[in-house]
$ cat run-v3.cif   # mmCIF, C-alpha atoms
data_input
#
loop_
_atom_site.label_atom_id
_atom_site.label_comp_id
_atom_site.auth_asym_id
_atom_site.auth_seq_id
_atom_site.Cartn_x
_atom_site.Cartn_y
_atom_site.Cartn_z
CA MET A 1 -6.38 -23.49 35.38
CA SER A 2 -6.11 -26.49 33.13
CA SER A 3 -3.38 -28.91 34.07
CA ALA A 4 -2.60 -29.36 30.37
CA HIS A 5 -1.84 -25.64 30.10
CA PHE A 6 0.48 -25.82 33.12
CA ARG A 7 2.23 -28.92 31.78
CA TYR A 8 2.63 -27.35 28.37
CA LEU A 9 4.42 -24.33 29.85
CA LEU A 10 6.57 -26.65 31.96
CA ARG A 11 7.63 -28.53 28.83
CA LEU A 12 8.68 -25.39 27.03
CA GLY A 13 10.40 -23.99 30.12
CA ASP A 14 12.14 -27.23 31.07
CA THR A 15 13.48 -27.77 27.55
CA SER A 16 15.07 -24.31 27.54
CA LEU A 17 16.32 -24.71 31.10
CA ILE A 18 17.94 -28.10 30.56
CA VAL A 19 19.64 -27.25 27.29
CA GLY A 20 20.73 -23.93 28.86
CA GLN A 21 22.26 -25.84 31.78
CA ARG A 22 24.05 -28.17 29.35
CA LEU A 23 25.55 -25.23 27.45
CA GLY A 24 26.58 -23.68 30.76
CA GLU A 25 28.75 -26.76 31.39
CA TRP A 26 31.02 -25.50 28.60
CA VAL A 27 31.94 -22.32 30.46
CA GLY A 28 35.70 -22.39 30.95
CA HIS A 29 36.04 -25.43 28.65
CA GLY A 30 35.20 -24.00 25.21
CA PRO A 31 37.53 -24.86 22.31
CA ALA A 32 38.36 -21.14 21.96
CA LEU A 33 37.55 -18.05 23.98
CA GLU A 34 35.01 -16.85 21.38
CA GLU A 35 33.13 -20.16 21.49
CA ASP A 36 33.26 -20.22 25.27
CA LEU A 37 31.55 -16.81 25.26
CA GLY A 38 29.18 -17.78 22.45
CA LEU A 39 27.93 -20.90 24.25
CA ALA A 40 27.58 -18.96 27.51
CA ASN A 41 25.52 -16.31 25.70
CA LEU A 42 23.20 -18.96 24.25
CA SER A 43 22.92 -20.51 27.68
CA LEU A 44 21.97 -17.18 29.26
CA ASP A 45 19.24 -16.54 26.68
CA LEU A 46 17.81 -20.03 27.18
CA ILE A 47 17.83 -19.81 30.96
CA GLY A 48 16.22 -16.35 30.69
CA GLN A 49 13.50 -17.79 28.47
CA ALA A 50 13.05 -20.68 30.89
CA ARG A 51 12.66 -18.20 33.72
CA LEU A 52 9.84 -16.35 31.93
CA LEU A 53 8.09 -19.62 31.09
CA LEU A 54 8.49 -21.25 34.50
CA THR A 55 7.42 -18.11 36.37
CA TYR A 56 4.25 -18.14 34.30
CA ALA A 57 3.78 -21.89 34.83
CA GLY A 58 4.11 -21.44 38.60
CA GLU A 59 1.53 -18.63 38.64
CA LEU A 60 -0.85 -20.70 36.55
CA GLU A 61 -0.47 -23.69 38.84
CA GLY A 62 -1.40 -21.49 41.78
CA LYS A 63 0.49 -23.41 44.45
CA GLY A 64 2.87 -20.60 45.18
CA CYS A 65 5.88 -22.08 43.34
CA ASP A 66 8.20 -19.58 41.71
CA GLU A 67 10.59 -20.37 38.87
CA ASP A 68 13.42 -21.26 41.26
CA GLN A 69 11.35 -23.77 43.18
CA LEU A 70 10.24 -25.35 39.92
CA ALA A 71 13.80 -25.53 38.62
CA TYR A 72 15.58 -26.64 41.77
CA LEU A 73 13.13 -28.71 43.79
CA ARG A 74 11.52 -31.07 41.29
CA ASP A 75 12.77 -34.60 40.71
CA GLY A 76 13.71 -36.07 37.34
CA VAL A 77 10.34 -37.72 36.67
CA ASP A 78 8.64 -34.35 37.12
CA PHE A 79 10.79 -32.68 34.46
CA CYS A 80 9.06 -32.36 31.09
CA ASN A 81 11.89 -31.37 28.76
CA VAL A 82 12.31 -33.24 25.49
CA ALA A 83 14.95 -35.96 25.84
CA LEU A 84 17.15 -34.33 23.18
CA ALA A 85 17.77 -31.36 25.50
CA GLU A 86 19.37 -33.47 28.24
CA GLN A 87 21.80 -35.38 25.99
CA PRO A 88 25.41 -34.93 27.15
CA ASN A 89 27.63 -32.29 25.59
CA GLY A 90 30.07 -34.89 24.23
CA ASP A 91 32.61 -33.18 21.99
CA PHE A 92 32.05 -29.74 20.46
CA ALA A 93 30.50 -31.33 17.32
CA CYS A 94 27.96 -33.14 19.47
CA THR A 95 26.97 -29.92 21.26
CA VAL A 96 26.69 -28.08 17.94
CA VAL A 97 24.44 -30.74 16.40
CA ARG A 98 22.17 -30.92 19.46
CA GLN A 99 21.90 -27.14 19.33
CA LEU A 100 21.17 -27.10 15.59
CA LEU A 101 18.30 -29.58 15.96
CA ILE A 102 16.82 -27.69 18.92
CA ASP A 103 17.34 -24.19 17.50
CA ALA A 104 15.61 -25.07 14.23
CA TRP A 105 12.73 -26.59 16.20
CA GLN A 106 12.40 -23.63 18.55
CA LEU A 107 12.40 -21.29 15.54
CA GLU A 108 9.37 -23.04 14.05
CA LEU A 109 7.72 -23.38 17.46
CA TYR A 110 8.15 -19.74 18.55
CA GLU A 111 7.17 -18.57 15.07
CA GLN A 112 3.78 -20.19 15.72
CA LEU A 113 3.56 -19.49 19.44
CA GLN A 114 3.91 -15.73 18.91
CA HIS A 115 0.34 -15.95 17.55
CA SER A 116 -0.90 -18.07 20.47
CA SER A 117 -4.32 -17.32 21.94
CA ASP A 118 -2.46 -17.16 25.26
CA ARG A 119 -1.24 -13.54 25.07
CA ARG A 120 1.44 -13.90 27.71
CA LEU A 121 2.90 -16.98 26.04
CA ALA A 122 2.75 -15.15 22.69
CA ALA A 123 4.78 -12.26 24.16
CA ILE A 124 7.42 -14.62 25.57
CA ALA A 125 7.62 -16.45 22.22
CA ALA A 126 8.00 -13.23 20.21
CA LYS A 127 10.90 -12.22 22.42
CA ALA A 128 12.51 -15.67 22.38
CA LEU A 129 12.17 -15.88 18.60
CA LYS A 130 14.54 -12.96 18.05
CA GLU A 131 17.15 -14.56 20.28
CA THR A 132 16.70 -18.00 18.71
CA GLN A 133 17.52 -16.54 15.29
CA TYR A 134 21.00 -15.73 16.64
CA HIS A 135 21.28 -19.21 18.12
CA PHE A 136 20.39 -20.90 14.85
CA ARG A 137 22.90 -18.80 12.92
CA TYR A 138 25.56 -19.92 15.39
CA SER A 139 24.74 -23.64 15.34
CA ALA A 140 24.13 -23.73 11.57
CA SER A 141 27.40 -21.97 10.74
CA TRP A 142 29.39 -24.30 12.99
CA THR A 143 27.67 -27.37 11.52
CA VAL A 144 28.75 -26.22 8.06
CA ARG A 145 32.26 -25.34 9.19
CA LEU A 146 32.79 -28.71 10.87
CA GLY A 147 30.89 -30.82 8.32
CA ASP A 148 32.65 -29.25 5.35
CA GLY A 149 35.94 -29.11 7.26
CA THR A 150 38.56 -31.78 7.78
CA THR A 151 38.01 -35.54 7.61
CA GLU A 152 38.21 -35.58 11.40
CA SER A 153 35.65 -32.80 11.97
CA HIS A 154 33.33 -34.18 9.28
CA GLY A 155 33.43 -37.62 10.87
CA ARG A 156 32.70 -36.25 14.33
CA VAL A 157 29.76 -34.11 13.31
CA GLN A 158 28.26 -36.91 11.17
CA SER A 159 28.57 -39.33 14.08
CA ALA A 160 26.90 -36.82 16.44
CA LEU A 161 24.06 -36.43 13.95
CA ASP A 162 23.69 -40.23 13.62
CA ASP A 163 23.54 -40.52 17.39
CA LEU A 164 21.12 -37.66 18.12
CA TRP A 165 18.67 -37.98 15.23
CA ARG A 166 16.60 -40.62 17.06
CA PHE A 167 15.61 -37.99 19.63
CA THR A 168 14.03 -35.69 17.06
CA ALA A 169 10.82 -37.71 16.56
CA GLU A 170 9.64 -36.60 20.01
CA LEU A 171 9.72 -32.96 18.93
CA PHE A 172 6.90 -33.56 16.46
CA THR A 173 4.87 -36.27 18.23
CA ALA A 174 1.81 -34.80 19.92
CA ASP A 175 0.27 -36.38 23.02
CA ASP A 176 -2.91 -35.39 24.91
CA VAL A 177 -1.37 -32.19 26.27
CA ASP A 178 -0.16 -31.03 22.85
CA GLN A 179 -3.49 -31.90 21.26
CA GLU A 180 -5.49 -30.00 23.85
CA MET A 181 -3.23 -26.97 23.44
CA ALA A 182 -3.58 -27.09 19.64
CA ALA A 183 -7.37 -27.42 19.92
CA ARG A 184 -7.49 -24.33 22.15
CA GLY A 185 -5.24 -22.30 19.86
CA ILE A 186 -2.54 -22.08 22.53
CA GLY A 187 0.05 -24.26 20.79
CA PRO A 188 0.65 -25.35 17.20
CA GLN A 189 0.01 -28.76 15.63
CA LEU A 190 3.39 -30.34 16.30
CA ASP A 191 3.49 -32.59 13.24
CA ALA A 192 2.79 -29.60 11.02
CA LEU A 193 6.09 -28.03 12.15
CA ARG A 194 8.16 -30.90 10.79
CA PRO A 195 8.26 -30.12 7.04
CA LYS A 196 9.63 -26.61 7.62
CA TRP A 197 12.02 -27.84 10.29
CA LEU A 198 13.26 -30.56 7.97
CA ALA A 199 13.73 -28.13 5.08
CA ARG A 200 15.78 -25.89 7.35
CA ILE A 201 17.90 -28.79 8.61
CA ASP A 202 18.33 -30.31 5.12
CA ALA A 203 19.63 -27.00 3.75
CA VAL A 204 22.28 -26.88 6.48
CA LEU A 205 23.21 -30.55 6.09
CA GLU A 206 23.61 -30.17 2.34
CA GLU A 207 25.96 -27.23 2.71
CA ALA A 208 27.81 -29.14 5.42
CA THR A 209 28.13 -32.22 3.14
CA LEU A 210 26.44 -34.31 5.83
CA LYS A 211 23.97 -37.16 5.41
CA ARG A 212 20.61 -37.08 7.14
CA PRO A 213 20.19 -40.33 9.15
CA ALA A 214 17.15 -42.60 8.86
CA ASP A 215 14.19 -41.76 11.12
CA ALA A 216 13.76 -43.68 14.37
CA PRO A 217 10.76 -46.03 14.50
CA TYR A 218 9.42 -44.61 17.80
CA PRO A 219 9.74 -41.37 19.77
CA TRP A 220 11.19 -40.74 23.23
CA HIS A 221 8.84 -39.38 25.88
CA GLY A 222 10.91 -36.92 27.87
CA LYS A 223 8.01 -34.49 27.99
CA SER A 224 5.98 -37.08 29.89
CA GLY A 225 8.80 -37.51 32.39
CA ARG A 226 10.41 -40.61 30.87
CA HIS A 227 14.00 -39.55 30.51
CA THR A 228 17.33 -41.01 29.48
CA GLU A 229 19.81 -41.80 32.25
CA HIS A 230 21.61 -38.49 31.65
CA LEU A 231 19.05 -36.17 33.24
CA GLY A 232 19.64 -37.36 36.81
CA TYR A 233 23.32 -36.43 36.72
CA LEU A 234 22.53 -33.03 35.26
CA LEU A 235 19.96 -32.34 37.99
CA ALA A 236 22.33 -33.54 40.70
CA GLU A 237 24.73 -30.79 39.71
CA MET A 238 22.15 -28.10 38.93
CA GLN A 239 20.10 -28.64 42.07
CA PHE A 240 22.87 -29.41 44.55
CA LEU A 241 22.98 -26.03 46.28
CA GLN A 242 19.23 -25.70 46.85
CA ARG A 243 18.97 -29.33 47.98
CA ALA A 244 21.86 -29.00 50.42
CA TYR A 245 20.97 -25.52 51.64
CA PRO A 246 17.22 -25.09 51.11
CA GLY A 247 16.20 -21.50 50.48
CA ALA A 248 19.78 -20.25 50.07
CA GLN A 249 19.93 -16.93 48.22
CA TRP A 250 22.66 -14.81 46.66
CA MET B 1 8.84 -1.73 12.77
CA ASN B 2 6.92 1.52 13.04
CA ALA B 3 6.85 1.67 16.82
CA ALA B 4 10.58 1.03 16.78
CA ALA B 5 11.34 3.95 14.55
CA ALA B 6 9.07 6.18 16.61
CA VAL B 7 10.65 5.58 20.00
CA ALA B 8 13.89 7.33 19.24
CA THR B 9 12.04 10.56 18.42
CA PRO B 10 10.91 13.27 20.88
CA GLU B 11 7.32 12.59 19.78
CA PHE B 12 7.49 9.09 21.09
CA THR B 13 9.11 10.14 24.34
CA ALA B 14 6.06 12.37 24.71
CA GLN B 15 3.94 9.20 24.55
CA VAL B 16 6.03 7.42 27.18
CA ALA B 17 5.27 10.19 29.66
CA VAL B 18 2.33 12.53 29.08
CA THR B 19 1.56 14.56 32.20
CA ALA B 20 3.99 16.91 33.92
CA VAL B 21 4.45 14.45 36.80
CA GLU B 22 5.10 11.60 34.39
CA ARG B 23 7.65 13.69 32.50
CA ALA B 24 9.41 14.64 35.72
CA ILE B 25 9.67 10.98 36.65
CA LEU B 26 11.00 10.08 33.19
CA GLN B 27 13.61 12.80 33.62
CA SER B 28 14.73 11.33 36.93
CA LEU B 29 15.11 7.96 35.18
CA GLU B 30 17.55 9.56 32.74
CA ARG B 31 20.06 9.37 35.59
CA VAL B 32 19.64 5.58 36.00
CA MET B 33 22.53 4.01 34.11
CA ASP B 34 22.92 0.57 32.60
CA PRO B 35 25.34 -1.28 34.92
CA GLU B 36 27.32 -2.76 32.00
CA ILE B 37 27.36 0.39 29.85
CA PRO B 38 27.47 3.15 32.48
CA VAL B 39 27.25 6.00 29.93
CA LEU B 40 23.83 4.84 28.77
CA SER B 41 20.70 5.57 30.78
CA VAL B 42 17.67 3.29 30.82
CA VAL B 43 15.85 6.01 28.87
CA ASP B 44 18.62 6.15 26.20
CA LEU B 45 18.38 2.37 25.98
CA GLY B 46 14.66 2.61 25.19
CA ILE B 47 13.62 0.10 27.84
CA VAL B 48 11.36 2.50 29.76
CA ARG B 49 8.07 1.88 27.97
CA HIS B 50 5.69 4.03 29.93
CA VAL B 51 5.39 6.19 33.02
CA ARG B 52 1.77 6.40 34.04
CA GLU B 53 -0.16 8.07 36.82
CA THR B 54 -2.81 5.60 37.91
CA ALA B 55 -5.67 5.82 40.37
CA ASN B 56 -4.98 6.97 43.97
CA ASP B 57 -1.89 8.96 43.02
CA ASN B 58 -0.02 5.82 42.17
CA ILE B 59 2.68 5.57 39.53
CA GLU B 60 3.37 2.67 37.22
CA VAL B 61 6.61 2.37 35.27
CA GLY B 62 6.77 -0.19 32.43
CA VAL B 63 10.21 -1.62 31.77
CA SER B 64 11.27 -4.12 29.08
CA PRO B 65 14.17 -6.54 29.38
CA THR B 66 16.76 -6.33 26.59
CA TYR B 67 17.71 -10.02 26.26
CA SER B 68 15.70 -12.63 28.21
CA GLY B 69 18.74 -13.77 30.13
CA CYS B 70 20.53 -10.45 30.56
CA PRO B 71 21.96 -10.53 34.11
CA ALA B 72 21.69 -6.71 34.29
CA THR B 73 17.87 -6.86 34.19
CA GLU B 74 17.57 -7.37 37.94
CA VAL B 75 20.12 -4.66 38.79
CA ILE B 76 18.33 -2.22 36.48
CA ARG B 77 15.04 -2.93 38.19
CA VAL B 78 16.53 -2.28 41.61
CA SER B 79 18.20 0.93 40.37
CA ILE B 80 14.93 2.21 38.90
CA ALA B 81 13.10 1.45 42.15
CA ARG B 82 15.78 3.36 44.07
CA ALA B 83 15.55 6.34 41.69
CA LEU B 84 11.76 6.40 42.05
CA ARG B 85 12.06 6.36 45.84
CA SER B 86 14.53 9.23 45.91
CA ALA B 87 12.37 11.18 43.44
CA GLY B 88 9.59 10.96 46.04
CA TYR B 89 7.55 8.09 44.59
CA PRO B 90 8.15 5.16 46.96
CA GLN B 91 4.75 3.76 46.05
CA ALA B 92 5.60 3.49 42.32
CA ARG B 93 5.14 0.07 40.81
CA ILE B 94 7.48 -1.37 38.19
CA VAL B 95 5.89 -3.73 35.67
CA GLU B 96 7.61 -5.87 33.09
CA VAL B 97 6.54 -5.19 29.49
CA LEU B 98 7.32 -8.08 27.14
CA SER B 99 5.21 -7.17 24.15
CA PRO B 100 6.17 -5.90 21.70
CA PRO B 101 9.66 -7.17 22.50
CA TRP B 102 12.39 -4.59 23.00
CA SER B 103 14.38 -3.77 19.91
CA SER B 104 17.83 -2.22 19.57
CA ASP B 105 16.10 0.22 17.17
CA TRP B 106 14.68 1.87 20.28
CA ILE B 107 18.03 3.18 21.47
CA THR B 108 17.78 6.95 21.14
CA GLN B 109 19.98 9.03 18.83
CA ALA B 110 21.66 10.53 21.88
CA GLY B 111 22.19 7.01 23.21
CA ARG B 112 23.85 5.92 19.97
CA GLU B 113 26.27 8.82 20.10
CA LYS B 114 27.08 8.05 23.75
CA LEU B 115 27.77 4.42 22.83
CA ARG B 116 30.13 5.43 20.03
CA ARG B 117 32.05 7.84 22.24
CA TYR B 118 32.31 5.10 24.89
CA GLY B 119 33.96 2.83 22.28
CA ILE B 120 30.98 0.62 21.44
CA ALA B 121 29.75 0.70 17.84
CA PRO B 122 26.00 1.43 17.89
CA PRO B 123 23.60 -0.99 16.13
CA VAL B 124 23.21 -0.42 12.38
CA SER B 125 20.86 -2.05 9.92
CA GLN B 126 23.39 -2.28 7.10
CA SER B 127 26.23 -4.75 7.15
CA SER B 128 29.09 -2.25 7.55
CA VAL B 129 29.88 -1.52 11.17
CA ALA B 130 32.00 1.61 11.62
CA CYS B 131 34.97 1.52 13.99
CA PRO B 132 34.13 3.71 17.01
CA ARG B 133 37.78 4.79 17.23
CA CYS B 134 38.72 5.84 13.66
CA GLY B 135 35.37 5.70 11.88
CA SER B 136 36.58 3.29 9.19
CA ILE B 137 34.03 0.82 7.83
CA GLU B 138 36.81 -1.64 7.06
CA THR B 139 35.96 -3.80 10.04
CA GLN B 140 35.52 -7.51 10.58
CA ARG B 141 33.46 -9.58 12.95
CA VAL B 142 35.51 -11.73 15.29
CA SER B 143 32.50 -13.35 16.97
CA GLU B 144 28.76 -12.75 16.98
CA PHE B 145 28.85 -13.16 20.76
CA GLY B 146 30.77 -10.79 22.98
CA SER B 147 31.25 -9.94 26.62
CA THR B 148 27.51 -9.41 27.25
CA PRO B 149 24.42 -10.82 25.48
CA CYS B 150 23.82 -7.55 23.62
CA LYS B 151 27.27 -7.22 22.08
CA ALA B 152 29.31 -8.81 19.30
CA HIS B 153 33.09 -8.74 19.06
CA TYR B 154 34.64 -6.82 16.12
CA GLN B 155 38.02 -5.62 15.00
CA CYS B 156 38.92 -2.64 12.82
CA VAL B 157 41.06 -3.54 9.79
CA SER B 158 42.26 0.07 9.34
CA CYS B 159 43.44 0.87 12.88
CA ALA B 160 43.47 -2.67 14.36
CA GLU B 161 41.31 -1.62 17.31
CA PRO B 162 39.29 -4.48 18.80
CA PHE B 163 35.85 -3.22 19.79
CA ASP B 164 32.35 -4.18 20.89
CA TYR B 165 29.39 -3.79 18.57
CA PHE B 166 25.91 -3.44 20.01
CA LYS B 167 23.93 -6.12 18.14
CA CYS B 168 20.66 -5.56 16.32
CA ILE B 169 17.74 -7.41 17.82
#

$ encode --input "run-v3.cif" --output "structure tokens"
Amino acid sequence: MSSAHFRYLLRLGDTSLIVGQRLGEWVGHGPALEEDLGLANLSLDLIGQARLLLTYAGELEGKGCDEDQLAYLRDGVDFCNVALAEQPNGDFACTVVRQLLIDAWQLELYEQLQHSSDRRLAAIAAKALKETQYHFRYSASWTVRLGDGTTESHGRVQSALDDLWRFTAELFTADDVDQEMAARGIGPQLDALRPKWLARIDAVLEEATLKRPADAPYPWHGKSGRHTEHLGYLLAEMQFLQRAYPGAQW
Amino acid sequence: MNAAAAVATPEFTAQVAVTAVERAILQSLERVMDPEIPVLSVVDLGIVRHVRETANDNIEVGVSPTYSGCPATEVIRVSIARALRSAGYPQARIVEVLSPPWSSDWITQAGREKLRRYGIAPPVSQSSVACPRCGSIETQRVSEFGSTPCKAHYQCVSCAEPFDYFKCI
């Protein structure tokens, strides 16, 4: 087992898990019943994908950790999700923009990963890709509806975009792990995903009458365990039960 | 997808289970119902991918999840294990088949008719979804996400019936 391979799966799994947990926070608080259900559905898909990825990561690591132990018993510095995933829900516009940026990225990523030399990862990606197409339709249509909506909704979605754009550089910045995976045909070249991602995002922003913000000069490093202050609070809630009652089961 | 189109036919069912024992097991799985849509069996749903006699009289049953996060997946697995035990195959092994990913195209013709009679519009490739109550195609989508991951929420314009539509995936 290569530790890069294990870390790579953790990154993919953690990103889905953390953004799935964030979306789950909306349950019971959605702006309308349909959106409450929609966000919960997205959350379920993402947590399901995380489960497949983390189960595989645990088996590859070979230390007997299952997906639950990986999700509930690691500390913040050991989480490898991209920093964008952990950003707070904010208002509905903020959640929609975070989802749009991640959905478009996962579309490009899974599109490539379904041809991975790692057959099991390829199978997970092919399955996740179909679900992500629904997610992107949801986040893109809401971005357009809010952006091309009222002055208030336009302002909120533009401000969310201005705030979250700086986290997107990390999605396309490869480090040693990403490079090793690309060299072995397991993962794609991350920077090569950006033009298609950008074209997808630009098309939505244009229809939504939104302006794409300037690129940030440097990327975040959530996937190396350097997170924003928001992750700790999220984990405190997500992990509480297993920390307080170790081994508790339904 | 070719495989997708093939599953709904008797020919493909013949590939899922080849020997007499395998076919008998597949038949017993026709009584295992989806917990959320109790009129639909796991065989109707197209998630039973193979029933295979392996070495030492062992049996392997390949099952695909519908949506990655579908909470029914676990219940279905337990129900299949129970059905296999009561059919006399306690040693049978259930394996998860991810590739190729399950498609709503794999729901059998019989399964589609059962869905419709239950009040859920079966998945269709064209854009017009027919109301399961009055058959009108004057329907509108209320939300792409419904009460479970596999369903969208629709309403019939002709008879005003709100209904679930089984999404294409």

$ closest_residue --input "run-v3.cif" --among "A:Thr143, A:Gln21, A:Gln112, A:Asp148" --to "Leu193 (chain A)" --atoms "only C-alpha atoms"
A:Gln112

$ closest_residue --input "run-v3.cif" --among "B:Gly46, B:Pro100, B:Gly135, B:Pro123" --to "chain A" --atoms "all atoms listed in the file"
B:Pro100

$ residues_around --input "run-v3.cif" --residues "Leu52 (chain A)" --least-positions-apart "3" --cutoff "9 Å" --atoms "only C-alpha atoms" --output "ChimeraX atom specification"
/A:13,47-49,55-57,67,124 /B:68

$ closest_residue --input "run-v3.cif" --among "A:Gln99, A:Ser43, A:Thr168, A:Ser117" --to "Asp215 (chain A)" --atoms "only C-alpha atoms"
A:Thr168

$ closest_atom_pairs --input "run-v3.cif" --of "chain A" --to "chain B" --cutoff "9 Å" --atoms "only C-alpha atoms" --output "Markdown table"
| residue | atom | partner | partner_atom | distance |
| --- | --- | --- | --- | --- |
| A:Glu34 | CA | B:Ser143 | CA | 6.2 |
| A:Glu35 | CA | B:Ser143 | CA | 8.2 |
| A:Leu37 | CA | B:Phe145 | CA | 6.4 |
| A:Gly38 | CA | B:Phe145 | CA | 4.9 |
| A:Leu39 | CA | B:Phe145 | CA | 8.5 |
| A:Ala40 | CA | B:Pro149 | CA | 9.0 |
| A:Asn41 | CA | B:Pro149 | CA | 5.6 |
| A:Leu42 | CA | B:Pro149 | CA | 8.3 |
| A:Ser43 | CA | B:Gly69 | CA | 8.3 |
| A:Leu44 | CA | B:Gly69 | CA | 4.8 |
| A:Asp45 | CA | B:Gly69 | CA | 4.5 |
| A:Leu46 | CA | B:Gly69 | CA | 7.0 |
| A:Ile47 | CA | B:Gly69 | CA | 6.2 |
| A:Gly48 | CA | B:Gly69 | CA | 3.6 |
| A:Gln49 | CA | B:Ser68 | CA | 5.6 |
| A:Ala50 | CA | B:Ser68 | CA | 8.9 |
| A:Arg51 | CA | B:Gly69 | CA | 8.3 |
| A:Leu52 | CA | B:Ser68 | CA | 7.9 |
| A:Arg120 | CA | B:Leu98 | CA | 8.3 |
| A:Ala122 | CA | B:Ser99 | CA | 8.5 |
| A:Ala123 | CA | B:Ser99 | CA | 5.1 |
| A:Ile124 | CA | B:Leu98 | CA | 6.7 |
| A:Ala126 | CA | B:Pro101 | CA | 6.7 |
| A:Lys127 | CA | B:Pro101 | CA | 5.2 |
| A:Ala128 | CA | B:Ser68 | CA | 7.3 |
| A:Lys130 | CA | B:Ile169 | CA | 6.4 |
| A:Glu131 | CA | B:Tyr67 | CA | 7.5 |
| A:Tyr134 | CA | B:Glu144 | CA | 8.3 |
| A:Tyr138 | CA | B:Glu144 | CA | 8.0 |

$ closest_residue --input "run-v3.cif" --among "B:Thr139, B:Ser125, B:Ser28, B:Ser64" --to "Gly88 (chain B)" --atoms "all atoms listed in the file"
B:Ser28

$ residues_around --input "run-v3.cif" --residues "Gln140 (chain B)" --least-positions-apart "5" --cutoff "7 Å" --atoms "all atoms listed in the file" --output "ChimeraX atom specification"
/B:154-157
